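What follows is query.txt (compact mmCIF, C-alpha atoms).
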```
# COMPACT_ATOMS: atom_id res chain seq x y z
CA MET P 67 -0.48 3.35 34.97
CA SER P 68 -0.86 2.86 31.21
CA SER P 69 1.69 0.96 29.17
CA SER P 70 3.22 2.54 26.07
CA PHE P 71 3.68 1.15 22.57
CA PHE P 72 5.69 1.95 19.46
CA ILE P 73 4.93 0.54 15.99
CA LYS P 74 7.53 0.29 13.23
CA THR P 75 5.94 -0.37 9.84
CA PHE P 76 7.65 -1.98 6.85
CA GLY P 77 6.25 -2.38 3.36
CA CYS P 78 3.08 -1.37 1.55
CA GLN P 79 0.05 0.82 2.24
CA MET P 80 -1.83 -2.26 3.43
CA ASN P 81 0.72 -2.61 6.23
CA GLU P 82 0.35 1.08 7.06
CA ARG P 83 -3.39 0.60 7.41
CA ASP P 84 -2.85 -2.55 9.51
CA SER P 85 -0.58 -0.54 11.80
CA GLU P 86 -3.36 1.98 12.30
CA ILE P 87 -5.69 -0.88 13.25
CA ILE P 88 -3.11 -2.26 15.70
CA ALA P 89 -2.64 1.19 17.27
CA GLN P 90 -6.37 1.72 17.63
CA SER P 91 -6.79 -1.72 19.18
CA LEU P 92 -3.99 -1.07 21.70
CA GLN P 93 -5.39 2.36 22.60
CA GLN P 94 -8.74 0.74 23.32
CA HIS P 95 -6.88 -1.40 25.89
CA ASP P 96 -5.32 1.56 27.72
CA TYR P 97 -2.02 1.70 25.86
CA VAL P 98 -0.59 5.09 24.92
CA GLU P 99 1.66 5.73 21.94
CA ALA P 100 5.33 6.35 22.77
CA LEU P 101 7.36 9.04 21.02
CA ASP P 102 10.20 6.64 20.17
CA MET P 103 11.19 3.00 20.32
CA ASP P 104 13.52 3.34 23.31
CA SER P 105 10.78 4.66 25.62
CA ALA P 106 8.12 2.04 24.75
CA ASP P 107 6.96 -0.87 26.92
CA LEU P 108 5.75 -2.72 23.80
CA ILE P 109 7.41 -2.61 20.38
CA VAL P 110 5.44 -3.92 17.40
CA LEU P 111 7.23 -4.58 14.11
CA ASN P 112 4.64 -4.78 11.35
CA THR P 113 6.60 -6.60 8.68
CA CYS P 114 6.79 -7.14 4.94
CA SER P 115 8.17 -10.22 3.17
CA ILE P 116 7.42 -9.36 -0.44
CA ARG P 117 11.16 -8.97 -1.09
CA ALA P 118 14.24 -10.34 0.62
CA LYS P 119 15.61 -6.87 1.43
CA ALA P 120 12.52 -5.93 3.45
CA GLU P 121 12.76 -9.13 5.48
CA GLN P 122 16.47 -8.55 6.09
CA LYS P 123 15.71 -5.11 7.55
CA VAL P 124 13.30 -6.71 10.02
CA MET P 125 15.83 -9.30 11.14
CA SER P 126 18.50 -6.64 11.54
CA LEU P 127 16.22 -4.53 13.73
CA LEU P 128 15.28 -7.57 15.82
CA GLY P 129 18.97 -8.16 16.42
CA TYR P 130 19.31 -4.58 17.65
CA LEU P 131 16.28 -4.98 19.94
CA ARG P 132 17.93 -7.95 21.65
CA LYS P 133 20.17 -5.40 23.38
CA ASN P 134 17.15 -3.33 24.42
CA LYS P 135 15.57 -6.43 25.93
CA LYS P 136 18.70 -7.12 28.00
CA ARG P 137 18.62 -3.56 29.34
CA ASN P 138 14.89 -3.74 30.01
CA PRO P 139 13.68 -7.33 30.64
CA LYS P 140 10.07 -6.06 30.95
CA LEU P 141 10.10 -4.84 27.35
CA LYS P 142 7.76 -6.85 25.13
CA ILE P 143 8.45 -7.33 21.43
CA CYS P 144 5.79 -8.34 18.91
CA VAL P 145 6.44 -9.26 15.27
CA ALA P 146 3.31 -8.89 13.16
CA GLY P 147 2.45 -9.03 9.47
CA CYS P 148 3.81 -11.03 6.56
CA VAL P 149 7.19 -12.11 7.98
CA ALA P 150 5.38 -13.27 11.11
CA GLN P 151 2.86 -15.18 9.01
CA GLN P 152 5.60 -16.74 6.91
CA GLU P 153 8.02 -17.69 9.69
CA GLY P 154 5.63 -18.52 12.54
CA LYS P 155 7.18 -20.42 15.44
CA ALA P 156 10.57 -20.54 13.68
CA LEU P 157 10.86 -16.79 14.23
CA ILE P 158 10.79 -17.20 18.03
CA GLU P 159 13.26 -20.08 17.80
CA ARG P 160 15.58 -17.80 15.85
CA MET P 161 14.87 -14.72 17.98
CA PRO P 162 13.98 -16.00 21.47
CA HIS P 163 13.68 -12.45 22.86
CA VAL P 164 10.48 -11.99 20.79
CA ASN P 165 7.35 -12.33 22.93
CA LEU P 166 4.64 -12.53 20.28
CA VAL P 167 4.42 -13.54 16.62
CA VAL P 168 1.11 -12.51 15.04
CA GLY P 169 0.10 -13.23 11.45
CA THR P 170 -1.89 -11.00 9.14
CA GLN P 171 -5.29 -12.31 10.21
CA HIS P 172 -4.76 -11.92 13.97
CA ILE P 173 -3.63 -8.32 14.38
CA ASN P 174 -6.83 -7.37 16.20
CA GLN P 175 -5.94 -9.93 18.90
CA ILE P 176 -2.59 -8.35 19.83
CA PRO P 177 -3.75 -6.75 23.13
CA ALA P 178 -5.17 -10.05 24.43
CA LEU P 179 -2.25 -12.13 23.17
CA ILE P 180 0.45 -9.83 24.53
CA ALA P 181 -1.21 -9.95 27.95
CA ASN P 182 -0.58 -13.70 28.04
CA THR P 183 3.13 -13.55 27.23
CA ASP P 184 4.46 -13.10 30.78
CA LYS P 185 5.26 -16.80 31.11
CA HIS P 186 5.93 -17.88 27.53
CA SER P 187 5.91 -16.60 23.95
CA GLN P 188 2.78 -16.71 21.83
CA VAL P 189 2.31 -17.56 18.14
CA ALA P 190 -0.89 -16.89 16.18
CA THR P 191 -0.36 -17.37 12.46
CA GLU P 192 -2.93 -19.80 11.06
CA LEU P 193 -4.81 -18.50 8.02
CA LYS P 194 -8.55 -18.70 8.59
CA THR P 195 -10.86 -19.85 5.82
CA ASP P 196 -13.72 -17.82 7.35
CA TYR P 197 -11.59 -14.73 7.94
CA GLN P 198 -13.38 -11.40 8.39
CA ILE P 199 -11.51 -8.11 8.05
CA PRO P 200 -11.46 -6.52 11.55
CA ARG P 201 -13.42 -3.32 12.02
CA PHE P 202 -12.48 -0.72 14.58
CA ILE P 203 -15.23 1.80 13.94
CA PRO P 204 -18.12 0.78 16.26
CA GLU P 205 -20.53 -1.66 14.64
CA THR P 206 -24.05 -0.25 14.75
CA GLU P 207 -27.08 -0.50 12.54
CA THR P 208 -27.04 3.09 11.32
CA HIS P 209 -24.30 5.50 10.41
CA ASP P 210 -25.90 8.24 12.55
CA ASN P 211 -24.93 6.37 15.72
CA TRP P 212 -21.29 5.84 14.80
CA GLU P 213 -18.63 7.65 16.78
CA ALA P 214 -15.87 9.68 15.19
CA PRO P 215 -12.50 7.87 15.20
CA GLN P 216 -10.00 8.81 17.90
CA PHE P 217 -6.80 10.00 16.25
CA SER P 218 -3.46 9.52 17.96
CA GLY P 219 -2.17 12.57 19.80
CA GLY P 220 -5.31 14.53 18.96
CA LYS P 221 -4.10 15.12 15.39
CA ARG P 222 -6.72 14.96 12.68
CA PRO P 223 -5.26 13.49 9.48
CA PHE P 224 -6.33 14.83 6.12
CA SER P 225 -5.58 11.57 4.29
CA LYS P 226 -6.46 7.99 5.23
CA PHE P 227 -6.36 4.45 3.86
CA VAL P 228 -9.51 2.34 3.87
CA THR P 229 -9.17 -1.42 3.39
CA ILE P 230 -11.81 -2.84 1.04
CA MET P 231 -10.48 -6.41 0.78
CA GLN P 232 -7.72 -8.74 1.93
CA GLY P 233 -5.83 -11.58 0.31
CA CYS P 234 -5.27 -12.59 -3.30
CA ASN P 235 -6.36 -15.48 -5.54
CA ASN P 236 -3.93 -14.89 -8.42
CA TYR P 237 -0.87 -16.87 -7.25
CA CYS P 238 1.74 -15.08 -9.30
CA THR P 239 4.72 -17.41 -9.12
CA TYR P 240 7.01 -14.90 -7.37
CA CYS P 241 4.52 -13.52 -4.81
CA VAL P 242 4.04 -14.47 -1.15
CA VAL P 243 0.76 -12.56 -0.67
CA PRO P 244 -1.64 -15.53 -1.11
CA HIS P 245 0.52 -17.45 1.37
CA THR P 246 0.77 -14.66 3.95
CA ARG P 247 -2.65 -12.98 3.63
CA GLY P 248 -4.79 -15.85 2.38
CA ARG P 249 -7.60 -15.99 -0.13
CA GLU P 250 -9.55 -12.92 -1.22
CA VAL P 251 -12.13 -11.56 1.22
CA SER P 252 -14.15 -8.45 0.34
CA ARG P 253 -15.75 -6.17 2.91
CA MET P 254 -19.43 -5.31 2.60
CA PHE P 255 -19.69 -2.12 0.58
CA LYS P 256 -22.00 -0.52 3.16
CA ASP P 257 -19.28 -0.89 5.82
CA ILE P 258 -16.76 0.75 3.49
CA VAL P 259 -19.03 3.66 2.59
CA ASP P 260 -19.97 4.20 6.25
CA GLU P 261 -16.30 4.22 7.27
CA VAL P 262 -15.52 6.80 4.59
CA LYS P 263 -18.44 8.96 5.80
CA VAL P 264 -17.15 8.88 9.37
CA LEU P 265 -13.62 9.76 8.27
CA VAL P 266 -14.73 12.63 6.03
CA GLU P 267 -16.96 14.05 8.76
CA SER P 268 -13.89 13.94 11.02
CA GLY P 269 -11.89 16.11 8.62
CA VAL P 270 -10.32 13.59 6.22
CA GLN P 271 -10.37 14.84 2.63
CA ASP P 272 -8.25 12.31 0.74
CA ILE P 273 -9.22 8.60 0.81
CA THR P 274 -7.26 5.72 -0.73
CA LEU P 275 -9.07 2.38 -1.08
CA LEU P 276 -6.74 -0.58 -0.51
CA GLY P 277 -6.67 -4.16 -1.73
CA GLN P 278 -4.13 -6.60 -3.12
CA ASN P 279 -6.14 -6.54 -6.36
CA VAL P 280 -9.03 -4.09 -6.15
CA ASN P 281 -10.22 -5.09 -9.64
CA SER P 282 -11.52 -8.36 -8.21
CA TYR P 283 -13.36 -6.70 -5.31
CA GLY P 284 -16.71 -8.37 -4.79
CA LEU P 285 -16.16 -11.24 -7.20
CA THR P 286 -16.02 -13.87 -4.44
CA ASN P 287 -18.19 -12.96 -1.48
CA GLN P 288 -19.71 -9.50 -1.87
CA VAL P 289 -23.40 -8.75 -2.43
CA SER P 290 -25.32 -5.50 -2.58
CA ASP P 291 -28.52 -4.64 -0.74
CA ASP P 292 -30.69 -6.32 -3.37
CA GLY P 293 -28.50 -9.46 -3.43
CA SER P 294 -26.72 -8.68 -6.69
CA ALA P 295 -22.95 -8.45 -7.04
CA CYS P 296 -21.26 -5.15 -6.23
CA SER P 297 -18.28 -4.58 -8.51
CA PHE P 298 -15.32 -2.34 -7.82
CA PRO P 299 -16.51 0.36 -10.26
CA GLN P 300 -19.88 0.35 -8.46
CA LEU P 301 -18.09 0.70 -5.12
CA LEU P 302 -16.04 3.62 -6.46
CA LYS P 303 -19.22 5.40 -7.53
CA LYS P 304 -20.82 4.91 -4.09
CA VAL P 305 -17.73 6.17 -2.25
CA SER P 306 -17.25 9.12 -4.62
CA GLN P 307 -20.72 10.36 -3.67
CA VAL P 308 -19.83 10.80 0.01
CA PRO P 309 -20.38 14.53 0.72
CA ASN P 310 -17.23 16.66 1.07
CA LEU P 311 -14.84 13.94 -0.07
CA LYS P 312 -12.31 15.93 -2.07
CA ARG P 313 -10.04 13.21 -3.42
CA LEU P 314 -10.47 9.49 -4.01
CA ARG P 315 -7.68 7.08 -4.97
CA PHE P 316 -7.14 3.31 -5.00
CA THR P 317 -4.38 0.72 -5.25
CA THR P 318 -3.50 -1.85 -6.55
CA SER P 319 -4.86 -3.31 -9.82
CA ASN P 320 -3.98 -6.38 -11.85
CA PRO P 321 -4.14 -5.76 -15.62
CA LYS P 322 -5.70 -9.17 -16.28
CA ASP P 323 -9.14 -8.08 -15.08
CA LEU P 324 -9.11 -4.32 -15.66
CA SER P 325 -12.55 -3.46 -17.05
CA HIS P 326 -13.82 -0.61 -19.20
CA ASP P 327 -16.33 0.13 -16.43
CA LEU P 328 -13.40 0.95 -14.18
CA MET P 329 -11.67 2.99 -16.89
CA ARG P 330 -14.83 5.06 -17.37
CA CYS P 331 -14.74 6.00 -13.68
CA PHE P 332 -11.70 8.19 -14.39
CA ARG P 333 -13.79 10.07 -16.93
CA ASP P 334 -17.03 10.23 -14.97
CA LEU P 335 -16.14 10.67 -11.26
CA PRO P 336 -14.89 14.22 -10.62
CA ASN P 337 -13.15 13.44 -7.31
CA LEU P 338 -11.39 10.28 -8.55
CA CYS P 339 -7.78 11.38 -8.99
CA PRO P 340 -6.38 10.87 -12.52
CA GLN P 341 -3.61 8.50 -11.49
CA PHE P 342 -3.41 4.75 -11.98
CA HIS P 343 -0.83 2.27 -10.69
CA LEU P 344 -0.98 -0.67 -13.10
CA PRO P 345 1.82 -3.19 -12.37
CA VAL P 346 3.15 -4.84 -15.51
CA GLN P 347 6.26 -6.60 -14.01
CA SER P 348 7.85 -7.43 -17.39
CA GLY P 349 7.66 -6.53 -21.08
CA SER P 350 8.21 -10.12 -22.22
CA ASP P 351 5.27 -12.44 -22.87
CA LYS P 352 7.49 -15.43 -22.09
CA VAL P 353 8.42 -14.01 -18.68
CA LEU P 354 4.83 -12.96 -17.95
CA LYS P 355 3.70 -16.53 -18.61
CA ARG P 356 6.33 -17.87 -16.19
CA MET P 357 5.11 -15.28 -13.68
CA ASN P 358 1.50 -16.51 -14.15
CA ARG P 359 0.31 -12.95 -14.84
CA LYS P 360 -2.42 -14.03 -17.32
CA TYR P 361 -2.07 -11.18 -19.82
CA THR P 362 0.14 -10.38 -22.80
CA MET P 363 2.00 -7.26 -23.83
CA GLU P 364 -0.53 -6.69 -26.59
CA LYS P 365 -3.35 -6.66 -24.05
CA TYR P 366 -1.46 -4.44 -21.61
CA ILE P 367 -0.61 -1.84 -24.27
CA GLN P 368 -4.23 -1.84 -25.45
CA LEU P 369 -5.39 -1.24 -21.86
CA VAL P 370 -3.04 1.74 -21.61
CA GLN P 371 -4.37 3.16 -24.89
CA ASP P 372 -7.96 2.73 -23.73
CA LEU P 373 -7.22 4.38 -20.37
CA ARG P 374 -5.70 7.39 -22.11
CA GLU P 375 -8.70 7.67 -24.40
CA TYR P 376 -11.06 7.81 -21.42
CA CYS P 377 -8.78 10.13 -19.45
CA PRO P 378 -6.04 11.79 -21.54
CA GLU P 379 -4.43 13.45 -18.47
CA ILE P 380 -4.12 10.21 -16.50
CA ILE P 381 -0.78 9.56 -14.77
CA LEU P 382 0.43 5.96 -15.11
CA THR P 383 2.89 4.20 -12.83
CA THR P 384 3.91 0.56 -12.68
CA ASP P 385 6.00 -2.17 -11.01
CA ILE P 386 8.91 -3.92 -12.74
CA ILE P 387 10.86 -7.03 -11.72
CA VAL P 388 14.19 -7.53 -13.50
CA GLY P 389 16.15 -10.77 -13.54
CA PHE P 390 13.20 -13.14 -13.15
CA PRO P 391 14.30 -16.78 -13.63
CA GLY P 392 14.71 -17.46 -17.33
CA GLU P 393 14.79 -13.77 -18.31
CA THR P 394 17.21 -13.44 -21.23
CA GLU P 395 18.79 -10.27 -22.54
CA ASP P 396 16.14 -10.26 -25.28
CA ASP P 397 13.39 -10.49 -22.65
CA PHE P 398 14.91 -7.57 -20.76
CA GLN P 399 15.10 -5.51 -23.96
CA LYS P 400 11.37 -6.09 -24.43
CA THR P 401 10.85 -4.49 -21.02
CA MET P 402 12.95 -1.53 -22.14
CA GLU P 403 10.87 -1.33 -25.33
CA LEU P 404 7.68 -1.29 -23.26
CA LEU P 405 9.10 1.61 -21.26
CA GLU P 406 9.53 3.57 -24.50
CA ILE P 407 6.03 2.70 -25.74
CA VAL P 408 4.09 3.55 -22.56
CA ARG P 409 6.46 6.15 -21.07
CA PHE P 410 5.39 5.59 -17.47
CA ASP P 411 5.31 8.65 -15.25
CA GLY P 412 7.03 6.58 -12.58
CA SER P 413 7.81 3.01 -11.62
CA PHE P 414 8.87 0.86 -8.71
CA SER P 415 11.56 -1.48 -10.02
CA PHE P 416 13.32 -4.28 -8.20
CA LYS P 417 15.66 -7.20 -8.68
CA TYR P 418 13.97 -10.59 -8.45
CA SER P 419 14.59 -12.49 -5.22
CA ASP P 420 13.43 -15.97 -4.23
CA ARG P 421 10.68 -15.91 -1.62
CA PRO P 422 9.94 -18.96 0.54
CA GLY P 423 6.87 -20.92 -0.51
CA THR P 424 6.56 -19.44 -3.99
CA SER P 425 6.77 -21.62 -7.09
CA SER P 426 9.36 -19.40 -8.80
CA VAL P 427 11.93 -20.69 -6.30
CA LYS P 428 11.98 -23.94 -8.30
CA LEU P 429 12.25 -22.34 -11.73
CA ALA P 430 15.43 -22.88 -13.73
CA GLY P 431 17.49 -20.15 -15.33
CA LYS P 432 18.33 -18.00 -12.31
CA VAL P 433 20.02 -14.72 -13.27
CA ASP P 434 23.17 -13.85 -11.32
CA GLU P 435 23.18 -10.82 -9.03
CA GLU P 436 25.65 -8.80 -11.08
CA GLU P 437 23.54 -9.14 -14.20
CA LYS P 438 20.34 -8.29 -12.29
CA SER P 439 22.03 -5.17 -10.94
CA ARG P 440 23.13 -4.14 -14.44
CA ARG P 441 19.62 -4.53 -15.85
CA LEU P 442 18.05 -2.69 -12.94
CA ARG P 443 20.50 0.18 -13.33
CA LEU P 444 19.77 0.47 -17.07
CA PHE P 445 16.02 0.42 -16.49
CA GLN P 446 16.08 2.96 -13.67
CA ASN P 447 18.37 5.35 -15.54
CA ARG P 448 16.06 5.41 -18.54
CA GLN P 449 12.97 5.65 -16.35
CA ASN P 450 14.47 8.68 -14.58
CA GLU P 451 15.01 10.37 -17.94
CA ILE P 452 11.41 9.69 -18.92
CA CYS P 453 10.17 10.90 -15.53
CA LEU P 454 11.88 14.22 -16.10
CA ASP P 455 10.45 14.52 -19.62
CA GLN P 456 6.95 13.72 -18.35
CA ASN P 457 7.24 16.10 -15.39
CA ASN P 458 8.41 18.94 -17.65
CA LYS P 459 4.99 18.77 -19.32
CA HIS P 460 3.44 20.08 -16.10
CA ILE P 461 5.41 23.34 -16.16
CA GLY P 462 3.00 26.24 -16.57
CA ARG P 463 -0.03 24.26 -15.44
CA ILE P 464 -2.18 25.33 -12.49
CA TYR P 465 -3.10 22.71 -9.90
CA GLU P 466 -5.00 22.68 -6.66
CA VAL P 467 -2.57 20.97 -4.31
CA MET P 468 -3.07 19.61 -0.82
CA VAL P 469 -0.53 20.60 1.84
CA GLU P 470 1.01 17.54 3.49
CA SER P 471 3.78 18.93 5.67
CA GLY P 472 6.14 21.83 6.22
CA SER P 473 6.58 25.09 8.09
CA ALA P 474 8.52 28.38 8.04
CA GLY P 475 7.29 29.13 4.55
CA LYS P 476 8.35 25.83 2.90
CA TYR P 477 5.74 23.17 2.28
CA GLN P 478 5.40 19.79 0.65
CA CYS P 479 2.11 19.33 -1.15
CA ARG P 480 0.47 16.74 -3.40
CA SER P 481 -1.41 17.29 -6.64
CA ILE P 482 -4.41 15.30 -7.86
CA THR P 483 -1.95 13.56 -10.20
CA ASN P 484 -0.06 12.33 -7.09
CA HIS P 485 2.97 14.49 -7.79
CA ILE P 486 4.90 15.89 -4.84
CA VAL P 487 4.87 19.69 -5.23
CA HIS P 488 7.23 21.87 -3.20
CA ILE P 489 6.22 25.47 -2.58
CA GLU P 490 7.56 28.49 -0.73
CA ALA P 491 5.02 30.91 0.74
CA PRO P 492 4.93 33.41 3.61
CA SER P 493 1.43 32.26 4.56
CA ILE P 494 0.83 29.63 7.22
CA PHE P 495 -0.84 26.54 5.79
CA GLU P 496 -2.13 23.67 7.90
CA PRO P 497 -1.80 20.08 6.63
CA GLY P 498 -4.81 19.34 4.47
CA SER P 499 -5.15 22.90 3.15
CA LEU P 500 -6.01 23.15 -0.54
CA ILE P 501 -4.22 25.90 -2.44
CA SER P 502 -3.79 26.82 -6.10
CA VAL P 503 -0.26 26.81 -7.46
CA LYS P 504 1.37 27.26 -10.85
CA ILE P 505 4.14 24.79 -11.64
CA HIS P 506 7.39 26.52 -12.58
CA HIS P 507 10.03 23.78 -12.22
CA ALA P 508 10.20 20.01 -12.67
CA GLY P 509 12.62 17.48 -11.24
CA HIS P 510 12.89 13.75 -11.75
CA HIS P 511 10.59 12.93 -8.83
CA SER P 512 8.83 16.16 -7.82
CA LEU P 513 7.59 19.54 -9.00
CA GLN P 514 7.94 23.10 -7.70
CA GLY P 515 5.13 25.62 -7.75
CA LYS P 516 4.24 29.21 -6.87
CA VAL P 517 1.14 30.03 -4.89
CA LEU P 518 -1.44 32.00 -6.86
```
Mind converting the file's structure to structure tokens?
Amino acid sequence: MSSSFFIKTFGCQMNERDSEIIAQSLQQHDYVEALDMDSADLIVLNTCSIRAKAEQKVMSLLGYLRKNKKRNPKLKICVAGCVAQQEGKALIERMPHVNLVVGTQHINQIPALIANTDKHSQVATELKTDYQIPRFIPETETHDNWEAPQFSGGKRPFSKFVTIMQGCNNYCTYCVVPHTRGREVSRMFKDIVDEVKVLVESGVQDITLLGQNVNSYGLTNQVSDDGSACSFPQLLKKVSQVPNLKRLRFTTSNPKDLSHDLMRCFRDLPNLCPQFHLPVQSGSDKVLKRMNRKYTMEKYIQLVQDLREYCPEIILTTDIIVGFPGETEDDFQKTMELLEIVRFDGSFSFKYSDRPGTSSVKLAGKVDEEEKSRRLRLFQNRQNEICLDQNNKHIGRIYEVMVESGSAGKYQCRSITNHIVHIEAPSIFEPGSLISVKIHHAGHHSLQGKVL
């Protein structure tokens, strides 16, 4: 009789993709996916430690699962991902009901490791210097021999993530990624293109390429067929040429090495969606220097101007950290000024929190929680106003949107600009359907449209 598993994912798109890899690996070892956590024989928490709040959620859930383990001693609990990588053996000492702690570079070993946890807990968290990103599409010499992926529950997704690289070499002073995912490793571009071909032939229409900093793809260990370097813009062009790929996206980029070759891709590649997430983190040069971001506000603003010249309709989003150590009121006002200059279409903004192992922990000038909350509230309120102003510009425009979910005449769709578009229609639309709509209403975080 097969065992069942349930995966709870925290954090970014990279973790979502890792969870897909874990699920595929378990299915290849005769596990079946459970409908909920309470009915599973194995629970995998794929964790995020980029911010303290995300880690706290994991610990809270582990405390809850202690009760499940008492009711069902045969239940196995695995903690994977960044919290696992960061905490290692200490996690099992703190949560002795956990059977397996697996770091970011060992997720493909979960089936074998969990099989050896009957007598004692297992920990696999060392970062490998020769790490290779695991592949779960069969390795063969030619694409023609590759098998279509097996999708959970027989459902064929219309949108998928494809990992192009792992790790980061930038060492921003607040960030745990280099410590939890290691140094940058790029996949061979042929493997990436072949994976995209297989996915598209299986019905996927929307592909998002993932990396901690896709701009530096190929700069460390990637070569093309003729031995020359393959840059990220070159990779985008190769992937964009896959037949029947409707939409291509990517995330995330660091402004310090954003090239004009990449900017031109938004102008030249018809299926590359006109949206760009370009994290700035702060509007103050002094704070950016303490963050080790390696660019100035002058450079960032020039990059934005250049992007909009290449692609005037591009949608820009960003990340903001408020209350970084040493951030004064004047520094914060510079961030507010940047918001007025760029007028981001959206942003992910957070209060700074110390993360273990990062150099910002030792920086002087910590901002108290009340002040961080005040600054975050001011930033988010103004950003929401700008979001509404920007979204109102889409009223009257016609977009081809992709249906993501819904039924009974109400559907949630997504535009090429990455806007959520809500529609009402008597027709029955399957997820992945492309339909033309005219936008007639705008909210702070979504649009409404009528089917044409």
As a compact mmCIF listing (two decimals) with C-alpha atoms, keeping the file's coordinate frame, please: the residues near Leu275 (chain P) (cut-off 8 Å, all atoms listed in the file, same-chain neighbours under 2 positions excluded).
```txt
# COMPACT_ATOMS: atom_id res chain seq x y z
CA PHE P 227 -6.36 4.45 3.86
CA VAL P 228 -9.51 2.34 3.87
CA THR P 229 -9.17 -1.42 3.39
CA ILE P 230 -11.81 -2.84 1.04
CA ILE P 273 -9.22 8.60 0.81
CA GLY P 277 -6.67 -4.16 -1.73
CA LEU P 314 -10.47 9.49 -4.01
CA ARG P 315 -7.68 7.08 -4.97
CA PHE P 316 -7.14 3.31 -5.00
CA THR P 317 -4.38 0.72 -5.25
```
Exercise for review: Write out as a PyMOL selection string the residues lying within 9 Å of Lys194 (chain P), counting all atoms listed in the file and excluding same-chain residues fewer than 2 positions away.
Suggested key: chain P and resi 171+192+196-198+248
Review point. What is the CA of His506 (chain P)-CA of Asn458 (chain P) distance in Å, reported with one decimal?
Key: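 Rounded to one decimal, the two atoms are 9.2 Å apart.
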Point to revise | Selection near Met329 (chain P), 9 Å with all atoms listed in the file, sequence-local residues under 2 positions removed, as a list in words | key: Pro299, Leu324, Ser325, His326, Asp327, Cys331, Phe332, Arg333, Asp372, Leu373, Tyr376 and Cys377 of chain P
Review point. Any idea what the distance is between CA of Lys459 (chain P) and CA of Gln446 (chain P)?
Key: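 Separation of CA of Lys459 (chain P) and CA of Gln446 (chain P): 20.1 Å.
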Review point. Distance CA of Val346 (chain P)-CA of Tyr366 (chain P), one decimal place?
Key: 7.7 Å
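Considering the residues P:Gly472, P:Val388, P:Pro492, P:Arg330 and counting only C-alpha atoms, Leu444 (chain P) has its shortest atom-to-atom contact with P:Val388.
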Exercise for review: Around the point (-1.6, -8.0, 6.9) in the file's coordinates, collect all residues with an atom within 7 Å, using only C-alpha atoms, and return them as a list in words.
Suggested key: Met80, Asn81, Asp84, Gly147, Cys148, Thr170, Gln171 and Arg247 of chain P
Point to revise | Among listed residues P:Asp351, P:Asp272, P:Glu437, P:Asp397, nearest Phe224 (chain P) (using only C-alpha atoms) | key: P:Asp272
**Study point:** Selection: 8 Å around region 176-178 of chain P, all atoms listed in the file, excl. self and same-chain fewer than 4 positions, as a count of residues only
**Key:** 7
Pick out the residues sitting within 7 Å of region 265-268 of chain P, and hand them over as a PDB file with C-alpha atoms, in the frame of the given file; count all atoms listed in the file, and ignore anything fewer than 2 positions along from it in its own chain.
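Okay, this is what ended up in around_8.pdb:
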```pdb
ATOM      1  CA  ALA P 214     -15.870   9.680  15.190  1.00  0.00           C
ATOM      2  CA  GLU P 261     -16.300   4.220   7.270  1.00  0.00           C
ATOM      3  CA  VAL P 262     -15.520   6.800   4.590  1.00  0.00           C
ATOM      4  CA  LYS P 263     -18.440   8.960   5.800  1.00  0.00           C
ATOM      5  CA  VAL P 270     -10.320  13.590   6.220  1.00  0.00           C
ATOM      6  CA  GLN P 271     -10.370  14.840   2.630  1.00  0.00           C
ATOM      7  CA  ASN P 310     -17.230  16.660   1.070  1.00  0.00           C
ATOM      8  CA  LEU P 311     -14.840  13.940  -0.070  1.00  0.00           C
TER       9      LEU P 311
END
```
Point to revise | Distance criterion (all atoms listed in the file): nearest to Leu429 (chain P) out of P:Thr239, P:Asn447, P:Ser512, P:Asn484 | key: P:Thr239
Check your understanding: With only C-alpha atoms as the atoms that count, which of P:Gly389, P:Leu157, P:Val251, P:Gly423 lies nearest to Glu436 (chain P)?
Key ->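 Using only C-alpha atoms, Glu436 (chain P) sits closest to P:Gly389.
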Quick one: residues within 8 Å of (-6.2, -12.0, 2.1) (file frame), counting all atoms listed in the file, please, as a tab-separated table (two decimals) with C-alpha atoms, keeping the file's coordinate frame.
```tsv
chain	number	residue	atom	x	y	z
P	231	MET	CA	-10.48	-6.41	0.78
P	232	GLN	CA	-7.72	-8.74	1.93
P	233	GLY	CA	-5.83	-11.58	0.31
P	234	CYS	CA	-5.27	-12.59	-3.30
P	243	VAL	CA	0.76	-12.56	-0.67
P	244	PRO	CA	-1.64	-15.53	-1.11
P	246	THR	CA	0.77	-14.66	3.95
P	247	ARG	CA	-2.65	-12.98	3.63
P	248	GLY	CA	-4.79	-15.85	2.38
P	249	ARG	CA	-7.60	-15.99	-0.13
P	250	GLU	CA	-9.55	-12.92	-1.22
P	251	VAL	CA	-12.13	-11.56	1.22
P	278	GLN	CA	-4.13	-6.60	-3.12
```
Point to revise | Closest of P:Asn138, P:Thr401, P:Ser350, P:Thr75 to Leu111 (chain P) - atom-to-atom distances counting all atoms listed in the file | key: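 Of the candidates, the smallest distance to Leu111 (chain P) is held by P:Thr75.
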